[in-house]
>>> print(open('upload.pdb').read())   # PDB, C-alpha atoms
ATOM      1  CA  MET A  17     109.206-129.706  95.371
ATOM      2  CA  LYS A  18     109.646-128.628  91.747
ATOM      3  CA  ASP A  19     112.470-131.136  91.206
ATOM      4  CA  LYS A  20     110.471-133.876  92.915
ATOM      5  CA  PHE A  21     107.398-133.276  90.793
ATOM      6  CA  TYR A  22     109.356-132.962  87.549
ATOM      7  CA  ASN A  23     111.025-136.301  88.244
ATOM      8  CA  TYR A  24     107.567-137.769  88.828
ATOM      9  CA  ILE A  25     106.092-136.551  85.542
ATOM     10  CA  GLN A  26     109.111-137.864  83.613
ATOM     11  CA  LYS A  27     108.430-141.352  84.968
ATOM     12  CA  LEU A  28     104.691-140.973  84.398
ATOM     13  CA  GLN A  29     105.248-139.979  80.764
ATOM     14  CA  ASN A  30     107.262-143.157  80.241
ATOM     15  CA  ALA A  31     104.621-145.341  81.884
ATOM     16  CA  ILE A  32     101.697-143.854  79.961
ATOM     17  CA  THR A  33     103.326-143.912  76.534
ATOM     18  CA  GLU A  34     104.492-147.504  76.996
ATOM     19  CA  ARG A  35     101.017-148.715  77.932
ATOM     20  CA  LEU A  36      99.299-146.771  75.148
ATOM     21  CA  GLU A  37     101.678-148.248  72.585
ATOM     22  CA  LEU A  38     100.787-151.728  73.817
ATOM     23  CA  ALA A  39      97.079-150.922  73.575
ATOM     24  CA  ASP A  40      97.506-149.672  69.996
ATOM     25  CA  GLY A  41      99.645-152.587  68.873
ATOM     26  CA  SER A  42     100.870-150.781  65.760
ATOM     27  CA  ALA A  43     101.977-147.155  66.085
ATOM     28  CA  THR A  44     104.620-145.806  68.438
ATOM     29  CA  PHE A  45     105.242-142.407  69.986
ATOM     30  CA  LYS A  46     107.746-140.119  68.287
ATOM     31  CA  GLU A  47     109.730-137.947  70.687
ATOM     32  CA  ASP A  48     110.536-134.300  70.117
ATOM     33  CA  VAL A  49     112.757-132.459  72.623
ATOM     34  CA  TRP A  50     112.465-128.667  72.510
ATOM     35  CA  LEU A  51     113.848-125.599  74.257
ATOM     36  CA  ARG A  52     112.061-122.364  75.182
ATOM     37  CA  PRO A  53     114.254-119.313  74.434
ATOM     38  CA  GLU A  54     113.141-117.521  77.625
ATOM     39  CA  GLY A  55     113.988-120.528  79.799
ATOM     40  CA  GLY A  56     113.224-124.215  80.076
ATOM     41  CA  GLY A  57     111.794-126.631  77.559
ATOM     42  CA  GLY A  58     110.029-129.902  77.230
ATOM     43  CA  LYS A  59     109.675-133.339  75.736
ATOM     44  CA  SER A  60     106.724-133.990  73.428
ATOM     45  CA  ARG A  61     105.682-137.501  72.435
ATOM     46  CA  VAL A  62     103.122-137.875  69.665
ATOM     47  CA  ILE A  63     101.422-140.961  68.233
ATOM     48  CA  GLU A  64      99.642-140.815  64.859
ATOM     49  CA  ASN A  65      97.753-143.084  62.462
ATOM     50  CA  GLY A  66      97.718-146.097  64.732
ATOM     51  CA  ARG A  67      95.359-149.043  64.704
ATOM     52  CA  VAL A  68      93.571-147.654  67.787
ATOM     53  CA  PHE A  69      94.826-144.091  68.246
ATOM     54  CA  GLU A  70      94.434-141.702  65.328
ATOM     55  CA  LYS A  71      96.367-138.966  67.081
ATOM     56  CA  GLY A  72      97.603-138.356  70.577
ATOM     57  CA  GLY A  73     100.245-136.590  72.562
ATOM     58  CA  VAL A  74     101.788-137.048  75.995
ATOM     59  CA  ASN A  75     103.909-133.989  76.710
ATOM     60  CA  ILE A  76     105.981-132.803  79.631
ATOM     61  CA  SER A  77     107.504-129.378  80.088
ATOM     62  CA  ALA A  78     109.331-127.270  82.645
ATOM     63  CA  VAL A  79     109.512-123.572  81.826
ATOM     64  CA  HIS A  80     110.737-120.581  83.813
ATOM     65  CA  GLY A  81     111.653-116.921  83.546
ATOM     66  CA  GLU A  82     110.004-113.548  83.853
ATOM     67  CA  LEU A  83     106.228-113.643  84.062
ATOM     68  CA  PRO A  84     104.917-111.915  80.901
ATOM     69  CA  GLN A  85     102.970-108.691  81.333
ATOM     70  CA  SER A  86      99.738-110.334  80.237
ATOM     71  CA  MET A  87     100.088-112.998  82.920
ATOM     72  CA  GLN A  88     101.067-110.420  85.566
ATOM     73  CA  SER A  89      97.704-108.801  84.947
ATOM     74  CA  TYR A  90      95.968-112.180  85.045
ATOM     75  CA  PHE A  91      97.489-113.076  88.425
ATOM     76  CA  GLY A  92      97.246-109.527  89.764
ATOM     77  CA  VAL A  93     100.976-109.161  90.471
ATOM     78  CA  GLU A  94     103.781-106.853  89.433
ATOM     79  CA  GLU A  95     107.135-108.004  88.068
ATOM     80  CA  ALA A  96     107.751-111.603  89.067
ATOM     81  CA  ASN A  97     109.562-114.727  87.965
ATOM     82  CA  PHE A  98     107.874-118.094  87.651
ATOM     83  CA  TYR A  99     108.478-121.804  87.230
ATOM     84  CA  ALA A 100     105.865-124.168  85.819
ATOM     85  CA  CYS A 101     106.097-127.855  85.040
ATOM     86  CA  GLY A 102     103.532-130.435  84.124
ATOM     87  CA  LEU A 103     102.368-133.329  82.018
ATOM     88  CA  SER A 104      99.555-132.816  79.537
ATOM     89  CA  LEU A 105      97.966-135.479  77.358
ATOM     90  CA  VAL A 106      95.174-135.776  74.823
ATOM     91  CA  ILE A 107      94.326-139.019  73.043
ATOM     92  CA  HIS A 108      91.997-139.091  70.016
ATOM     93  CA  PRO A 109      91.090-142.701  69.095
ATOM     94  CA  LEU A 110      90.227-143.708  65.545
ATOM     95  CA  SER A 111      86.973-145.446  66.454
ATOM     96  CA  PRO A 112      83.975-143.310  67.472
ATOM     97  CA  MET A 113      83.177-146.018  70.011
ATOM     98  CA  VAL A 114      86.332-145.184  71.994
ATOM     99  CA  PRO A 115      86.235-141.869  73.881
ATOM    100  CA  THR A 116      88.777-139.114  73.638
ATOM    101  CA  VAL A 117      90.586-138.488  76.915
ATOM    102  CA  HIS A 118      92.439-135.501  78.316
ATOM    103  CA  ALA A 119      94.559-135.194  81.438
ATOM    104  CA  ASN A 120      96.938-132.693  82.964
ATOM    105  CA  TRP A 121      98.908-132.520  86.204
ATOM    106  CA  ARG A 122     100.992-129.425  86.925
ATOM    107  CA  TYR A 123     102.950-127.468  89.507
ATOM    108  CA  PHE A 124     103.621-123.709  89.618
ATOM    109  CA  GLU A 125     105.925-121.448  91.629
ATOM    110  CA  MET A 126     106.191-117.652  91.675
ATOM    111  CA  TYR A 127     109.173-115.719  93.074
ATOM    112  CA  ASN A 128     109.868-112.223  94.333
ATOM    113  CA  LYS A 129     112.832-110.107  93.232
ATOM    114  CA  ASP A 130     115.039-111.885  95.775
ATOM    115  CA  GLY A 131     114.219-115.278  94.289
ATOM    116  CA  LYS A 132     112.124-116.433  97.241
ATOM    117  CA  ILE A 133     108.930-118.400  96.631
ATOM    118  CA  VAL A 134     105.930-116.135  97.230
ATOM    119  CA  ASP A 135     103.296-118.510  95.864
ATOM    120  CA  GLN A 136     103.060-122.140  94.798
ATOM    121  CA  TRP A 137     100.291-124.540  93.882
ATOM    122  CA  PHE A 138      99.293-127.749  92.142
ATOM    123  CA  GLY A 139      96.581-128.223  89.567
ATOM    124  CA  GLY A 140      95.281-130.799  87.169
ATOM    125  CA  GLY A 141      92.625-133.340  86.430
ATOM    126  CA  GLN A 142      91.367-135.812  83.851
ATOM    127  CA  ASP A 143      88.178-135.960  81.811
ATOM    128  CA  LEU A 144      86.467-138.233  79.302
ATOM    129  CA  THR A 145      84.823-137.187  76.021
ATOM    130  CA  PRO A 146      82.768-139.992  74.452
ATOM    131  CA  TYR A 147      81.068-139.841  71.055
ATOM    132  CA  TYR A 148      78.670-142.639  71.937
ATOM    133  CA  LEU A 149      77.554-142.989  75.513
ATOM    134  CA  PHE A 150      78.225-146.263  77.304
ATOM    135  CA  GLU A 151      77.134-145.532  80.835
ATOM    136  CA  GLU A 152      79.263-148.298  82.344
ATOM    137  CA  ASP A 153      82.349-146.615  80.856
ATOM    138  CA  ALA A 154      81.468-143.262  82.412
ATOM    139  CA  ARG A 155      80.833-144.950  85.761
ATOM    140  CA  HIS A 156      84.142-146.810  85.611
ATOM    141  CA  PHE A 157      86.105-143.658  84.816
ATOM    142  CA  HIS A 158      84.459-141.716  87.638
ATOM    143  CA  GLU A 159      84.732-144.540  90.162
ATOM    144  CA  VAL A 160      88.498-144.674  89.644
ATOM    145  CA  CYS A 161      88.628-140.893  90.089
ATOM    146  CA  LYS A 162      86.543-141.120  93.238
ATOM    147  CA  ARG A 163      88.718-143.807  94.834
ATOM    148  CA  GLY A 164      91.809-141.664  94.328
ATOM    149  CA  CYS A 165      90.070-138.654  95.856
ATOM    150  CA  ASP A 166      88.587-140.548  98.800
ATOM    151  CA  ASN A 167      92.066-141.590  99.945
ATOM    152  CA  HIS A 168      92.813-137.924 100.666
ATOM    153  CA  HIS A 169      89.550-136.220 101.600
ATOM    154  CA  PRO A 170      85.896-137.375 101.607
ATOM    155  CA  GLU A 171      84.745-134.205  99.842
ATOM    156  CA  PHE A 172      87.395-134.061  97.102
ATOM    157  CA  TYR A 173      85.497-136.127  94.531
ATOM    158  CA  SER A 174      82.232-134.221  94.697
ATOM    159  CA  LYS A 175      84.082-130.894  94.797
ATOM    160  CA  TYR A 176      86.451-131.558  91.900
ATOM    161  CA  LYS A 177      83.841-133.397  89.831
ATOM    162  CA  GLU A 178      81.627-130.316  90.048
ATOM    163  CA  LYS A 179      84.541-128.039  89.135
ATOM    164  CA  CYS A 180      85.246-130.260  86.132
ATOM    165  CA  ASP A 181      81.641-129.975  84.956
ATOM    166  CA  GLU A 182      81.878-126.198  85.352
ATOM    167  CA  TYR A 183      85.243-125.825  83.650
ATOM    168  CA  PHE A 184      84.732-128.072  80.620
ATOM    169  CA  TRP A 185      81.507-126.319  79.687
ATOM    170  CA  ASN A 186      81.103-124.910  76.206
ATOM    171  CA  SER A 187      79.050-121.930  77.313
ATOM    172  CA  HIS A 188      78.441-120.748  73.753
ATOM    173  CA  ARG A 189      76.851-124.158  73.050
ATOM    174  CA  ASP A 190      75.303-124.597  76.491
ATOM    175  CA  GLU A 191      76.685-128.111  76.785
ATOM    176  CA  ALA A 192      79.525-130.010  78.426
ATOM    177  CA  ARG A 193      82.549-131.078  76.406
ATOM    178  CA  GLY A 194      82.177-134.629  77.705
ATOM    179  CA  VAL A 195      81.132-136.632  80.752
ATOM    180  CA  GLY A 196      83.681-134.953  82.999
ATOM    181  CA  GLY A 197      86.012-136.330  85.616
ATOM    182  CA  LEU A 198      88.132-134.178  87.906
ATOM    183  CA  PHE A 199      89.422-130.626  87.742
ATOM    184  CA  PHE A 200      91.400-128.906  90.503
ATOM    185  CA  ASP A 201      93.559-125.809  90.507
ATOM    186  CA  TYR A 202      95.370-123.449  92.891
ATOM    187  CA  CYS A 203      95.857-126.273  95.401
ATOM    188  CA  LYS A 204      97.912-124.399  97.990
ATOM    189  CA  ALA A 205      99.182-125.211 101.472
ATOM    190  CA  THR A 206      96.670-124.790 104.291
ATOM    191  CA  ASP A 207      96.459-125.795 107.935
ATOM    192  CA  LYS A 208      94.964-129.112 106.782
ATOM    193  CA  MET A 209      96.879-129.775 103.550
ATOM    194  CA  SER A 210     100.624-129.233 103.224
ATOM    195  CA  MET A 211     102.322-129.046  99.835
ATOM    196  CA  GLN A 212     103.501-132.609 100.436
ATOM    197  CA  ASP A 213      99.876-133.645 101.006
ATOM    198  CA  TRP A 214      98.907-132.017  97.721
ATOM    199  CA  TYR A 215     101.811-133.752  95.996
ATOM    200  CA  ASN A 216     100.571-137.092  97.340
ATOM    201  CA  PHE A 217      97.052-136.365  96.083
ATOM    202  CA  VAL A 218      98.027-135.175  92.615
ATOM    203  CA  THR A 219     100.441-138.051  92.028
ATOM    204  CA  GLU A 220      97.834-140.617  93.106
ATOM    205  CA  ILE A 221      95.397-139.179  90.592
ATOM    206  CA  GLY A 222      98.111-139.247  87.931
ATOM    207  CA  ASP A 223      98.967-142.848  88.767
ATOM    208  CA  SER A 224      95.292-143.816  88.415
ATOM    209  CA  PHE A 225      94.921-142.513  84.860
ATOM    210  CA  LEU A 226      95.763-145.752  83.070
ATOM    211  CA  GLU A 227      93.385-147.703  85.317
ATOM    212  CA  ALA A 228      90.620-145.216  84.488
ATOM    213  CA  TYR A 229      91.085-145.179  80.705
ATOM    214  CA  LEU A 230      92.680-148.336  79.324
ATOM    215  CA  PRO A 231      89.894-150.780  80.300
ATOM    216  CA  ILE A 232      87.494-148.623  78.283
ATOM    217  CA  VAL A 233      89.835-148.668  75.291
ATOM    218  CA  ASP A 234      90.203-152.451  75.475
ATOM    219  CA  LYS A 235      86.441-152.936  75.680
ATOM    220  CA  ARG A 236      85.519-150.663  72.741
ATOM    221  CA  LYS A 237      88.425-150.615  70.291
ATOM    222  CA  ASP A 238      87.267-153.589  68.189
ATOM    223  CA  MET A 239      83.592-152.632  67.952
ATOM    224  CA  ASP A 240      82.147-152.127  64.476
ATOM    225  CA  TYR A 241      81.156-148.654  63.303
ATOM    226  CA  ASN A 242      79.953-147.086  60.055
ATOM    227  CA  ASP A 243      80.583-143.899  58.082
ATOM    228  CA  GLU A 244      77.648-142.082  59.691
ATOM    229  CA  GLN A 245      79.040-142.765  63.151
ATOM    230  CA  ARG A 246      82.462-141.581  62.056
ATOM    231  CA  THR A 247      80.861-138.351  60.764
ATOM    232  CA  TRP A 248      79.199-137.830  64.151
ATOM    233  CA  GLN A 249      82.567-138.290  65.838
ATOM    234  CA  GLU A 250      84.086-135.582  63.641
ATOM    235  CA  ILE A 251      81.209-133.193  64.337
ATOM    236  CA  ARG A 252      81.677-133.706  68.082
ATOM    237  CA  ARG A 253      85.412-133.218  67.678
ATOM    238  CA  GLY A 254      84.545-129.768  66.359
ATOM    239  CA  ARG A 255      83.068-128.967  69.773
ATOM    240  CA  TYR A 256      86.332-130.160  71.336
ATOM    241  CA  VAL A 257      88.289-127.749  69.134
ATOM    242  CA  GLU A 258      85.932-124.899  70.019
ATOM    243  CA  PHE A 259      86.462-125.418  73.734
ATOM    244  CA  ASN A 260      90.246-125.582  73.497
ATOM    245  CA  LEU A 261      90.547-122.457  71.373
ATOM    246  CA  VAL A 262      87.856-120.357  73.042
ATOM    247  CA  HIS A 263      87.824-121.303  76.727
ATOM    248  CA  ASP A 264      90.817-123.379  77.815
ATOM    249  CA  LYS A 265      93.111-121.605  80.291
ATOM    250  CA  GLY A 266      96.023-123.939  79.581
ATOM    251  CA  THR A 267      95.991-123.004  75.904
ATOM    252  CA  LEU A 268      95.807-119.328  76.873
ATOM    253  CA  PHE A 269      98.729-119.655  79.311
ATOM    254  CA  GLY A 270     100.864-121.420  76.718
ATOM    255  CA  LEU A 271     100.200-118.837  74.042
ATOM    256  CA  LYS A 272     100.835-115.893  76.374
ATOM    257  CA  THR A 273     104.104-117.302  77.727
ATOM    258  CA  ASN A 274     105.532-117.914  74.257
ATOM    259  CA  GLY A 275     104.952-121.634  74.600
ATOM    260  CA  ARG A 276     105.732-124.077  71.824
ATOM    261  CA  ILE A 277     102.839-123.930  69.346
ATOM    262  CA  GLU A 278     103.179-127.528  68.157
ATOM    263  CA  SER A 279     102.858-128.776  71.741
ATOM    264  CA  ILE A 280     100.029-126.405  72.666
ATOM    265  CA  LEU A 281      97.935-127.361  69.628
ATOM    266  CA  MET A 282      98.757-131.054  69.946
ATOM    267  CA  SER A 283      95.313-131.382  71.574
ATOM    268  CA  LEU A 284      93.504-130.745  68.285
ATOM    269  CA  PRO A 285      92.157-133.796  66.403
ATOM    270  CA  PRO A 286      93.299-134.482  62.822
ATOM    271  CA  HIS A 287      89.831-134.745  61.197
ATOM    272  CA  VAL A 288      86.968-132.460  62.202
ATOM    273  CA  GLN A 289      83.659-131.342  60.703
ATOM    274  CA  TRP A 290      81.361-128.392  61.241
ATOM    275  CA  LYS A 291      77.931-128.944  59.694
ATOM    276  CA  TYR A 292      75.473-126.091  59.623
ATOM    277  CA  ASN A 293      72.762-126.425  62.300
ATOM    278  CA  HIS A 294      73.303-130.160  62.652
ATOM    279  CA  LYS A 295      70.759-131.920  64.860
ATOM    280  CA  PRO A 296      70.589-135.690  65.393
ATOM    281  CA  ASP A 297      67.336-137.635  65.143
ATOM    282  CA  GLU A 298      65.269-137.717  68.311
ATOM    283  CA  GLU A 299      65.757-140.837  70.468
ATOM    284  CA  SER A 300      68.938-141.698  68.538
ATOM    285  CA  PRO A 301      72.170-142.643  70.371
ATOM    286  CA  GLU A 302      73.575-139.304  69.247
ATOM    287  CA  ALA A 303      70.630-137.433  70.781
ATOM    288  CA  GLN A 304      71.023-139.429  73.997
ATOM    289  CA  LEU A 305      74.619-138.270  74.277
ATOM    290  CA  LEU A 306      73.575-134.653  73.813
ATOM    291  CA  GLU A 307      70.979-134.959  76.566
ATOM    292  CA  VAL A 308      73.694-136.011  79.040
ATOM    293  CA  LEU A 309      75.984-133.222  77.849
ATOM    294  CA  LYS A 310      73.216-130.688  78.446
ATOM    295  CA  HIS A 311      72.540-132.065  81.937
ATOM    296  CA  PRO A 312      75.700-133.521  83.565
ATOM    297  CA  LYS A 313      75.120-136.579  85.746
ATOM    298  CA  ARG A 314      76.765-137.857  88.876
ATOM    299  CA  TRP A 315      78.386-141.099  87.786
ATOM    300  CA  ALA A 316      79.981-142.336  91.030
TER     301      ALA A 316
END
>>> encode(input="upload.pdb", output="structure tokens")
Amino acid sequence: MKDKFYNYIQKLQNAITERLELADGSATFKEDVWLRPEGGGGKSRVIENGRVFEKGGVNISAVHGELPQSMQSYFGVEEANFYACGLSLVIHPLSPMVPTVHANWRYFEMYNKDGKIVDQWFGGGQDLTPYYLFEEDARHFHEVCKRGCDNHHPEFYSKYKEKCDEYFWNSHRDEARGVGGLFFDYCKATDKMSMQDWYNFVTEIGDSFLEAYLPIVDKRKDMDYNDEQRTWQEIRRGRYVEFNLVHDKGTLFGLKTNGRIESILMSLPPHVQWKYNHKPDEESPEAQLLEVLKHPKRWA
């Protein structure tokens, strides 16, 4: 399964970076291949200073070795070896009219002292972070997510949409990071879902990413915007940074397994602002976005 999924994310990385380059029309992804001293490595692809995308990364990795003590405590196990592979992406567009997007699809195995698999699971998801709310964009993104879920279980969309709203919640701000999407983790074999079934589900969601995001990019990338709207984008990006550094489990896992810092922090935007006690005008588009972030909606 690990070889099958790693082959899949290699092909998916190629497909996504090719399509994003076409959408940008100017910048291209630069590839950086790296090795992890404890075992494994990855391939990072980063795009910067494009016509559409100010900064973005589409990274794959496959790492293995002894599970660090900190992660043994986290998983509640004693000495164990692990294997983890996945694709992680974050795209920060230049225009505040185009939303930031994040996605991740991953697979994990844990072994006993004899090298036998004692646990394995899939995880992942995709979520949208707009700076200005276009409701039709949020509906489109969620409808694509829902179609992918409905092909595998009628309750998956509502379940994983709710988990996404719960996970990407900046509790210290009492607001969502964005308008959500899907989040699923610890997807293990059951009587009703084999690991192959989970593979089929996760790869369908991964394959749907471009359909969910690129139409929004194409619709919004040439819209006019002003300096005040760009400032708002950078203030909201600050909330994005806060979530990734304070709450995100993927960032925590990478840091505690001696992951590659450049790849882990690839998710951070290049220009960010923190203004003291900033509050938008009532009834403004900015205030309307905040209202939705305070009270997540069902979009599909």
>>> axis_aligned_box(input="upload.pdb", around="stretch 155-161 of chain A", padding_each_side="6 Å", output="JSON")
{"center_x": 84.7, "center_y": -143.9, "center_z": 87.5, "size_x": 19.8, "size_y": 17.9, "size_z": 17.3}
>>> residues_around(input="upload.pdb", residues="A:Glu258", least_positions_apart="4", cutoff="10 Å", atoms="all atoms listed in the file", output="list of chain:residue names")
A:Asn186, A:His188, A:Arg189, A:Arg193, A:Arg252, A:Arg253, A:Gly254, A:Val262, A:His263, A:Asp264, A:Leu284
>>> closest_residue(input="upload.pdb", among="A:Gln85, A:Thr116, A:Asn260, A:Thr219", to="A:Tyr148", atoms="all atoms listed in the file")
A:Thr116
>>> residues_around(input="upload.pdb", residues="stretch 305-310 of chain A", least_positions_apart="5", cutoff="6 Å", atoms="only C-alpha atoms", output="list in words")
Leu149, Glu191 and Ala192 of chain A
>>> resolve_selection(input="upload.pdb", expression="the PyMOL selection byres ((chain A and resi 38-49) around 8)", output="list in words")
Thr33, Glu34, Arg35, Leu36, Glu37, Trp50, Leu51, Gly57, Gly58, Lys59, Ser60, Arg61, Val62, Ile63, Glu64, Asn65, Gly66, Arg67, Val68, Phe69, Leu230, Val233 and Asp234 of chain A
>>> resolve_selection(input="upload.pdb", expression="the PyMOL selection byres ((chain A and resi 126-142) around 7)", output="list in words")
Ala96, Asn97, Phe98, Tyr99, His118, Ala119, Asn120, Trp121, Arg122, Tyr123, Phe124, Glu125, Asp143, Gly197, Leu198, Phe199, Phe200, Asp201, Tyr202, Cys203 and Lys204 of chain A
>>> residues_around(input="upload.pdb", residues="A:Val160", least_positions_apart="4", cutoff="10 Å", atoms="only C-alpha atoms", output="PyMOL selection string")
chain A and resi 155-156+164-165+197+221+224-229+316
>>> write_last_selection(input="upload.pdb", atoms="C-alpha atoms", output="tab-separated table (two decimals), keeping the file's coordinate frame")
chain	number	residue	atom	x	y	z
A	155	ARG	CA	80.83	-144.95	85.76
A	156	HIS	CA	84.14	-146.81	85.61
A	164	GLY	CA	91.81	-141.66	94.33
A	165	CYS	CA	90.07	-138.65	95.86
A	197	GLY	CA	86.01	-136.33	85.62
A	221	ILE	CA	95.40	-139.18	90.59
A	224	SER	CA	95.29	-143.82	88.42
A	225	PHE	CA	94.92	-142.51	84.86
A	226	LEU	CA	95.76	-145.75	83.07
A	227	GLU	CA	93.38	-147.70	85.32
A	228	ALA	CA	90.62	-145.22	84.49
A	229	TYR	CA	91.08	-145.18	80.70
A	316	ALA	CA	79.98	-142.34	91.03
>>> atom_distance(input="upload.pdb", atom1="atom CA of A:Lys265", atom2="atom CA of A:Met87")
11.4 Å
>>> atom_distance(input="upload.pdb", atom1="atom CA of A:Gly56", atom2="atom CA of A:Ala205")
25.6 Å
